[in-house]
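Working notes for the structure below.
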Amino acid sequence: MLPIVLLSVFGIINLFFGFLRSNRVLLPFALVVLALVFGLNLLDWNHAGSITGLFDSPYVAQMLTVDNYSVAFSGIVLLTALVLLPFSRSYVAANEPNLAEYYSLLLFSLVGAIMMVSYNHLIMLFVGIEILSISMYCLAGSDKRNVRSNEAALKYFLQGAFATGILLFGIALVYGATGTFQLNELAAAIAAPANASLQSMLYVGVLMMVIGIGFKVSAAPFHFWTPDVYEGTPTFFTAFMSTVVKTAGFAAFLKLLLVALPGASAVWLPTIVAMCVLTLLLGNVGAAVQTSAKRMLAYSSVSHAGYLLLGLVAGRGQLSGPAAQAIFFYSLAYSVATVAAFGVLKLVSDQRQREDYAGLAGLARTNPLLAFSMTLAMLSLGGIPLTGGFFGKFFIFTAVVAQGYIWLVVFAVLMSMVGIYYYLRPVIAMYMRPAEPGNDAPIVVDGFQSATLVLLALLTLVLGILPGFLSNIL
């Protein structure tokens with residue numbers, strides 16, 4: 001778990017670079033740190049159960065684990081942050097006075113994300129969620145001169161605090177019913193006949209934990225904060241929030257259900273099914289009626305939480321099973337496409353000062369690369385063949401059908417058809433509508449950002465054409 005230590009140390013060091021009063025060193029330093037940590041994370045592949053150094057301490061041992069599951073999902077969040085950083089160049093160019101703090105908060109939030117996918121103890125899950133959440137509360141309100149950003153931070157903090165309280169209360173009830181926080185011991189205690197009299201306390205605790213984590217991943221009916229918070233948060237941090245937080249949240253969710261709570265599936269499985277249906281419906285219908293591209297992507301994020309919930313419905317057996325494989329592939333494809341979409345939207349909004357569909361009009365003529373990148377991202381999010389998003393949904397649907405929930409897959413396919421409608425709206429605006437007067441100037445994109453967009457496009461196509469490389473990685 002060296003990545004946790006390095007991210008924490010480098011996050012603190014980065015704060016001292018802020019005293020240099022020059023932002024030019026901050027972005028390269030953050031990129032080097034993330035590339036280094038990403039590489040070190042991969043070194044733990046196939047080293048299951050290795051807890052070394054600091055993590056041999058009796059205060060930490062057995063609370064965090066290193067296995068292929070944690071390495072794979074940690075790799076997604078680190079890669080997402082790495083390819084997202086180039087789109088923060090506008091902060092460097094504008095000599096943003098708080099840039100060191102922004103980058104440090106991002107590094108600290110990744111510590112929480114990695115803890116969420118590596119935990120083996122409910123307290124460590126809670127600590128990871130809080131490290132990630134508190135960083136996001138601050139970043140949501142980072143544009144202090146913008147009323148919408150202040151509103152987003154306040155809404156996110158207040159509702160997140162309530163969700164955290166519900167989650168912690170649920171953990172307390174589960175501990176009261178089982179007497180342990182360790183995941184494997186929880187599963188054994190739930191199955192023990194001696195604890196049968198405490199099932200009511202256990203079930204209430206499980207439901208409260210599902211509600212608490214459901215808020216973090218913006219699953220309906222706990223999603224109402226998502227559109228306003230995503231819209232008010234600066235676009236760069238919105239992209240981080242909609243990818244890293246969701247990936248870490250669902251990795252933690254699946255681990256909790258499969259490792260600790262398989263014996264309580266009678267209570268959490270119907271709840272997850274109901275949340276899945278509601279999330280798919282509200283997310284897709286909500287996105288279809290939006291006029292703002294950024295708000296559409298916010299509701300789109302809710303809808304994708306619904307598809308990932310399908311993976312939880314199919315969750316059976318080990319963390320290397322079909323459900324975990326499908327959630328991993330879907331999270332990777334979704335993250336790549338979402339970073340590309342928000343990256344293009346940020347570049348456009350920085351120069352056109354608009355985040356609606358009209359701001360994207362005529363983009364194919366003023367900057368073909370941005371238009372192509374956004375188009376490919378929209379096609380992947382919509383699940384069109386030859387993109388990673390298509391096989392992401394295919395693997396999820398296949399895992400759910402294998403568990404007998406054919407009606408749920410039919411409903412998800414119908415919702416996907418609704419998704420194609422609103423994902424094509426930006427494409428139509430970019431290719432078939434002329435730019436408004438004053439918005440017809442070419443969008444300036446530097447070479448680093450262009451290379452990142454090309455890389456994201458290639459990743460989307462590789463995942464769509466050669467999915468076998470990563471479809472059975474766990």
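Chain labels A, B, ... are given in the sequence in which chains occur in the structure tokens; within each chain residues are numbered consecutively from 1, and ligands are likewise numbered from 1 in the order shown.
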
Could you give me, as CSV, a per-residue list for stretch 226-252 of chain A showing, wherever an atom lies at most 9 Å from an atom of stretch 135-138 of chain A, the closest pair of atoms and their distance in Å to one decimal, using only C-alpha atoms and sorting by chain then residue number from low to high?
```
residue,atom,partner,partner_atom,distance
A:Phe237,CA,A:Met136,CA,8.2
A:Met241,CA,A:Met136,CA,7.2
A:Val245,CA,A:Met136,CA,9.0
```

Could you please take those selected residues and save N, CA and C atoms as a short mmCIF file (atom, residue, chain, number, x, y, z; two decimals), in the first residue's frame?
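The resulting file, selection_1.cif, is reproduced below:
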```cif
data_model
loop_
_atom_site.label_atom_id
_atom_site.label_comp_id
_atom_site.auth_asym_id
_atom_site.auth_seq_id
_atom_site.Cartn_x
_atom_site.Cartn_y
_atom_site.Cartn_z
N PHE A 237 -13.18 19.93 -11.64
CA PHE A 237 -13.43 19.13 -10.43
C PHE A 237 -14.71 18.30 -10.56
N MET A 241 -14.99 14.39 -9.81
CA MET A 241 -16.04 13.90 -8.92
C MET A 241 -16.87 12.81 -9.58
N VAL A 245 -14.84 9.40 -7.74
CA VAL A 245 -15.74 9.11 -6.62
C VAL A 245 -16.65 7.94 -6.96
#
```

Could you name the residues that touch A:Val5 at 12 Å or less, counting only C-alpha atoms, but leaving out those on the same chain fewer than 3 positions away, as a JSON list (two decimals) with all heavy atoms, in the first residue's frame?
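This is the output file selection-v9.json:
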```
[["chain", "number", "residue", "atom", "x", "y", "z"],
["A", 1, "MET", "N", 0.83, -1.21, 0.00],
["A", 1, "MET", "CA", 0.00, 0.00, 0.00],
["A", 1, "MET", "C", 0.86, 1.26, 0.00],
["A", 1, "MET", "O", 0.52, 2.29, 0.57],
["A", 1, "MET", "CB", -0.93, -0.01, 1.22],
["A", 1, "MET", "CG", -1.93, -1.15, 1.19],
["A", 1, "MET", "SD", -2.88, -1.24, -0.34],
["A", 1, "MET", "CE", -3.82, 0.26, -0.19],
["A", 2, "LEU", "N", 2.02, 1.15, -0.65],
["A", 2, "LEU", "CA", 2.90, 2.30, -0.77],
["A", 2, "LEU", "C", 2.22, 3.49, -1.44],
["A", 2, "LEU", "O", 2.54, 4.65, -1.10],
["A", 2, "LEU", "CB", 4.16, 1.89, -1.54],
["A", 2, "LEU", "CG", 5.31, 2.90, -1.59],
["A", 2, "LEU", "CD1", 5.77, 3.26, -0.19],
["A", 2, "LEU", "CD2", 6.47, 2.34, -2.41],
["A", 8, "SER", "N", 0.06, 10.76, 0.23],
["A", 8, "SER", "CA", -0.05, 11.62, 1.41],
["A", 8, "SER", "C", 1.18, 12.51, 1.54],
["A", 8, "SER", "O", 1.06, 13.73, 1.77],
["A", 8, "SER", "CB", -0.21, 10.77, 2.68],
["A", 8, "SER", "OG", -1.35, 9.94, 2.59],
["A", 9, "VAL", "N", 2.37, 11.94, 1.38],
["A", 9, "VAL", "CA", 3.61, 12.70, 1.52],
["A", 9, "VAL", "C", 3.74, 13.74, 0.42],
["A", 9, "VAL", "O", 4.03, 14.92, 0.67],
["A", 9, "VAL", "CB", 4.82, 11.75, 1.52],
["A", 9, "VAL", "CG1", 6.13, 12.55, 1.46],
["A", 9, "VAL", "CG2", 4.80, 10.86, 2.75],
["A", 10, "PHE", "N", 3.49, 13.34, -0.82],
["A", 10, "PHE", "CA", 3.62, 14.28, -1.93],
["A", 10, "PHE", "C", 2.54, 15.35, -1.88],
["A", 10, "PHE", "O", 2.76, 16.47, -2.35],
["A", 10, "PHE", "CB", 3.58, 13.53, -3.27],
["A", 10, "PHE", "CG", 4.85, 12.80, -3.59],
["A", 10, "PHE", "CD1", 4.82, 11.48, -3.98],
["A", 10, "PHE", "CD2", 6.07, 13.45, -3.52],
["A", 10, "PHE", "CE1", 6.00, 10.79, -4.27],
["A", 10, "PHE", "CE2", 7.25, 12.78, -3.81],
["A", 10, "PHE", "CZ", 7.22, 11.45, -4.19],
["A", 11, "GLY", "N", 1.38, 15.03, -1.35],
["A", 11, "GLY", "CA", 0.35, 16.04, -1.19],
["A", 11, "GLY", "C", 0.80, 17.15, -0.26],
["A", 11, "GLY", "O", 0.53, 18.33, -0.49],
["A", 12, "ILE", "N", 1.51, 16.77, 0.82],
["A", 12, "ILE", "CA", 2.03, 17.77, 1.75],
["A", 12, "ILE", "C", 3.17, 18.56, 1.12],
["A", 12, "ILE", "O", 3.25, 19.79, 1.23],
["A", 12, "ILE", "CB", 2.51, 17.08, 3.06],
["A", 12, "ILE", "CG1", 1.31, 16.43, 3.76],
["A", 12, "ILE", "CG2", 3.20, 18.08, 3.98],
["A", 12, "ILE", "CD1", 1.68, 15.58, 4.96],
["A", 33, "VAL", "N", 4.13, 12.71, -9.97],
["A", 33, "VAL", "CA", 3.72, 11.97, -8.78],
["A", 33, "VAL", "C", 2.68, 10.91, -9.14],
["A", 33, "VAL", "O", 2.79, 9.74, -8.74],
["A", 33, "VAL", "CB", 3.16, 12.94, -7.72],
["A", 33, "VAL", "CG1", 2.43, 12.17, -6.62],
["A", 33, "VAL", "CG2", 4.28, 13.78, -7.13],
["A", 37, "VAL", "N", 3.12, 6.90, -8.79],
["A", 37, "VAL", "CA", 2.23, 6.11, -7.94],
["A", 37, "VAL", "C", 1.47, 5.07, -8.75],
["A", 37, "VAL", "O", 1.25, 3.93, -8.29],
["A", 37, "VAL", "CB", 1.26, 7.04, -7.19],
["A", 37, "VAL", "CG1", 0.23, 6.24, -6.40],
["A", 37, "VAL", "CG2", 2.02, 7.96, -6.24],
["A", 40, "LEU", "N", 3.90, 2.21, -9.31],
["A", 40, "LEU", "CA", 4.12, 1.44, -8.08],
["A", 40, "LEU", "C", 2.90, 0.62, -7.70],
["A", 40, "LEU", "O", 3.02, -0.49, -7.16],
["A", 40, "LEU", "CB", 4.49, 2.39, -6.95],
["A", 40, "LEU", "CG", 5.86, 3.07, -7.05],
["A", 40, "LEU", "CD1", 6.04, 4.10, -5.95],
["A", 40, "LEU", "CD2", 6.98, 2.03, -6.99],
["A", 41, "ASN", "N", 1.72, 1.15, -8.00],
["A", 41, "ASN", "CA", 0.50, 0.38, -7.73],
["A", 41, "ASN", "C", 0.47, -0.90, -8.55],
["A", 41, "ASN", "O", 0.09, -1.97, -8.04],
["A", 41, "ASN", "CB", -0.73, 1.25, -8.05],
["A", 41, "ASN", "CG", -2.04, 0.49, -7.90],
["A", 41, "ASN", "OD1", -2.44, 0.12, -6.82],
["A", 41, "ASN", "ND2", -2.71, 0.26, -9.03],
["A", 52, "THR", "N", 3.00, -4.80, 3.82],
["A", 52, "THR", "CA", 4.39, -4.65, 4.23],
["A", 52, "THR", "C", 4.62, -3.33, 4.92],
["A", 52, "THR", "O", 3.83, -2.40, 4.82],
["A", 52, "THR", "CB", 5.31, -4.75, 3.01],
["A", 52, "THR", "OG1", 4.94, -3.74, 2.07],
["A", 52, "THR", "CG2", 5.18, -6.11, 2.34],
["A", 53, "GLY", "N", 5.77, -3.28, 5.60],
["A", 53, "GLY", "CA", 6.21, -2.02, 6.17],
["A", 53, "GLY", "C", 5.26, -1.50, 7.22],
["A", 53, "GLY", "O", 4.92, -2.17, 8.20],
["A", 54, "LEU", "N", 4.82, -0.26, 6.99],
["A", 54, "LEU", "CA", 3.93, 0.41, 7.94],
["A", 54, "LEU", "C", 2.68, -0.41, 8.22],
["A", 54, "LEU", "O", 2.15, -0.39, 9.32],
["A", 54, "LEU", "CB", 3.55, 1.78, 7.37],
["A", 54, "LEU", "CG", 2.50, 2.59, 8.14],
["A", 54, "LEU", "CD1", 3.04, 2.97, 9.51],
["A", 54, "LEU", "CD2", 2.12, 3.84, 7.36],
["A", 55, "PHE", "N", 2.21, -1.16, 7.23],
["A", 55, "PHE", "CA", 0.93, -1.85, 7.37],
["A", 55, "PHE", "C", 1.05, -3.17, 8.14],
["A", 55, "PHE", "O", 0.08, -3.89, 8.30],
["A", 55, "PHE", "CB", 0.31, -2.07, 5.99],
["A", 55, "PHE", "CG", -0.06, -0.78, 5.35],
["A", 55, "PHE", "CD1", 0.82, -0.15, 4.50],
["A", 55, "PHE", "CD2", -1.25, -0.16, 5.65],
["A", 55, "PHE", "CE1", 0.50, 1.06, 3.93],
["A", 55, "PHE", "CE2", -1.57, 1.06, 5.09],
["A", 55, "PHE", "CZ", -0.70, 1.67, 4.23],
["A", 107, "LEU", "N", -4.73, 14.93, -4.54],
["A", 107, "LEU", "CA", -3.89, 13.82, -4.10],
["A", 107, "LEU", "C", -4.43, 13.20, -2.82],
["A", 107, "LEU", "O", -4.45, 11.96, -2.67],
["A", 107, "LEU", "CB", -2.46, 14.31, -3.89],
["A", 107, "LEU", "CG", -1.71, 14.79, -5.15],
["A", 107, "LEU", "CD1", -0.32, 15.30, -4.78],
["A", 107, "LEU", "CD2", -1.61, 13.69, -6.19],
["A", 108, "PHE", "N", -4.88, 14.03, -1.89],
["A", 108, "PHE", "CA", -5.44, 13.50, -0.65],
["A", 108, "PHE", "C", -6.73, 12.71, -0.92],
["A", 108, "PHE", "O", -6.99, 11.68, -0.29],
["A", 108, "PHE", "CB", -5.73, 14.63, 0.34],
["A", 108, "PHE", "CG", -4.49, 15.32, 0.85],
["A", 108, "PHE", "CD1", -4.50, 16.68, 1.13],
["A", 108, "PHE", "CD2", -3.32, 14.62, 1.04],
["A", 108, "PHE", "CE1", -3.37, 17.32, 1.60],
["A", 108, "PHE", "CE2", -2.16, 15.25, 1.51],
["A", 108, "PHE", "CZ", -2.19, 16.60, 1.79],
["A", 110, "LEU", "N", -7.40, 11.01, -3.52],
["A", 110, "LEU", "CA", -7.02, 9.71, -4.06],
["A", 110, "LEU", "C", -6.62, 8.74, -2.96],
["A", 110, "LEU", "O", -6.81, 7.53, -3.09],
["A", 110, "LEU", "CB", -5.87, 9.88, -5.07],
["A", 110, "LEU", "CG", -6.24, 10.55, -6.39],
["A", 110, "LEU", "CD1", -5.00, 10.82, -7.22],
["A", 110, "LEU", "CD2", -7.23, 9.69, -7.19],
["A", 111, "VAL", "N", -6.06, 9.27, -1.86],
["A", 111, "VAL", "CA", -5.77, 8.42, -0.70],
["A", 111, "VAL", "C", -7.06, 7.79, -0.19],
["A", 111, "VAL", "O", -7.14, 6.58, 0.06],
["A", 111, "VAL", "CB", -5.09, 9.23, 0.42],
["A", 111, "VAL", "CG1", -4.98, 8.40, 1.70],
["A", 111, "VAL", "CG2", -3.72, 9.71, -0.02],
["A", 112, "GLY", "N", -8.11, 8.61, -0.06],
["A", 112, "GLY", "CA", -9.40, 8.09, 0.38],
["A", 112, "GLY", "C", -9.97, 7.08, -0.60],
["A", 112, "GLY", "O", -10.53, 6.05, -0.19],
["A", 114, "ILE", "N", -8.34, 5.08, -2.69],
["A", 114, "ILE", "CA", -7.61, 3.82, -2.61],
["A", 114, "ILE", "C", -7.97, 3.06, -1.34],
["A", 114, "ILE", "O", -8.08, 1.82, -1.34],
["A", 114, "ILE", "CB", -6.09, 4.09, -2.69],
["A", 114, "ILE", "CG1", -5.73, 4.62, -4.08],
["A", 114, "ILE", "CG2", -5.29, 2.82, -2.40],
["A", 114, "ILE", "CD1", -4.29, 5.02, -4.24],
["A", 115, "MET", "N", -8.17, 3.78, -0.25],
["A", 115, "MET", "CA", -8.60, 3.11, 0.99],
["A", 115, "MET", "C", -9.98, 2.48, 0.81],
["A", 115, "MET", "O", -10.26, 1.40, 1.36],
["A", 115, "MET", "CB", -8.63, 4.12, 2.13],
["A", 115, "MET", "CG", -7.26, 4.60, 2.56],
["A", 115, "MET", "SD", -7.32, 5.92, 3.79],
["A", 115, "MET", "CE", -7.95, 5.03, 5.20]]
```

Selection: 10 Å around A:Gly321, only C-alpha atoms, excl. self and same-chain fewer than 6 positions, as a PyMOL selection string: chain A and resi 314-315+399+472+474

Contacts between stretch 344-368 of chain A and stretch 24-143 of chain A, please, where a residue of stretch 24-143 of chain A counts if it comes within 12 Å (with only C-alpha atoms); show its shortest atom pair and distance in Å to one decimal, rows by chain and ascending number, as CSV.
```
residue,atom,partner,partner_atom,distance
A:Leu84,CA,A:Val344,CA,11.1
A:Pro86,CA,A:Leu347,CA,10.9
A:Phe87,CA,A:Lys346,CA,7.5
A:Ser88,CA,A:Lys346,CA,9.1
A:Arg89,CA,A:Leu347,CA,9.8
A:Ser90,CA,A:Asp350,CA,7.9
A:Tyr91,CA,A:Asp350,CA,10.4
A:Ala93,CA,A:Asp350,CA,11.8
A:Ala94,CA,A:Asp350,CA,11.2
```
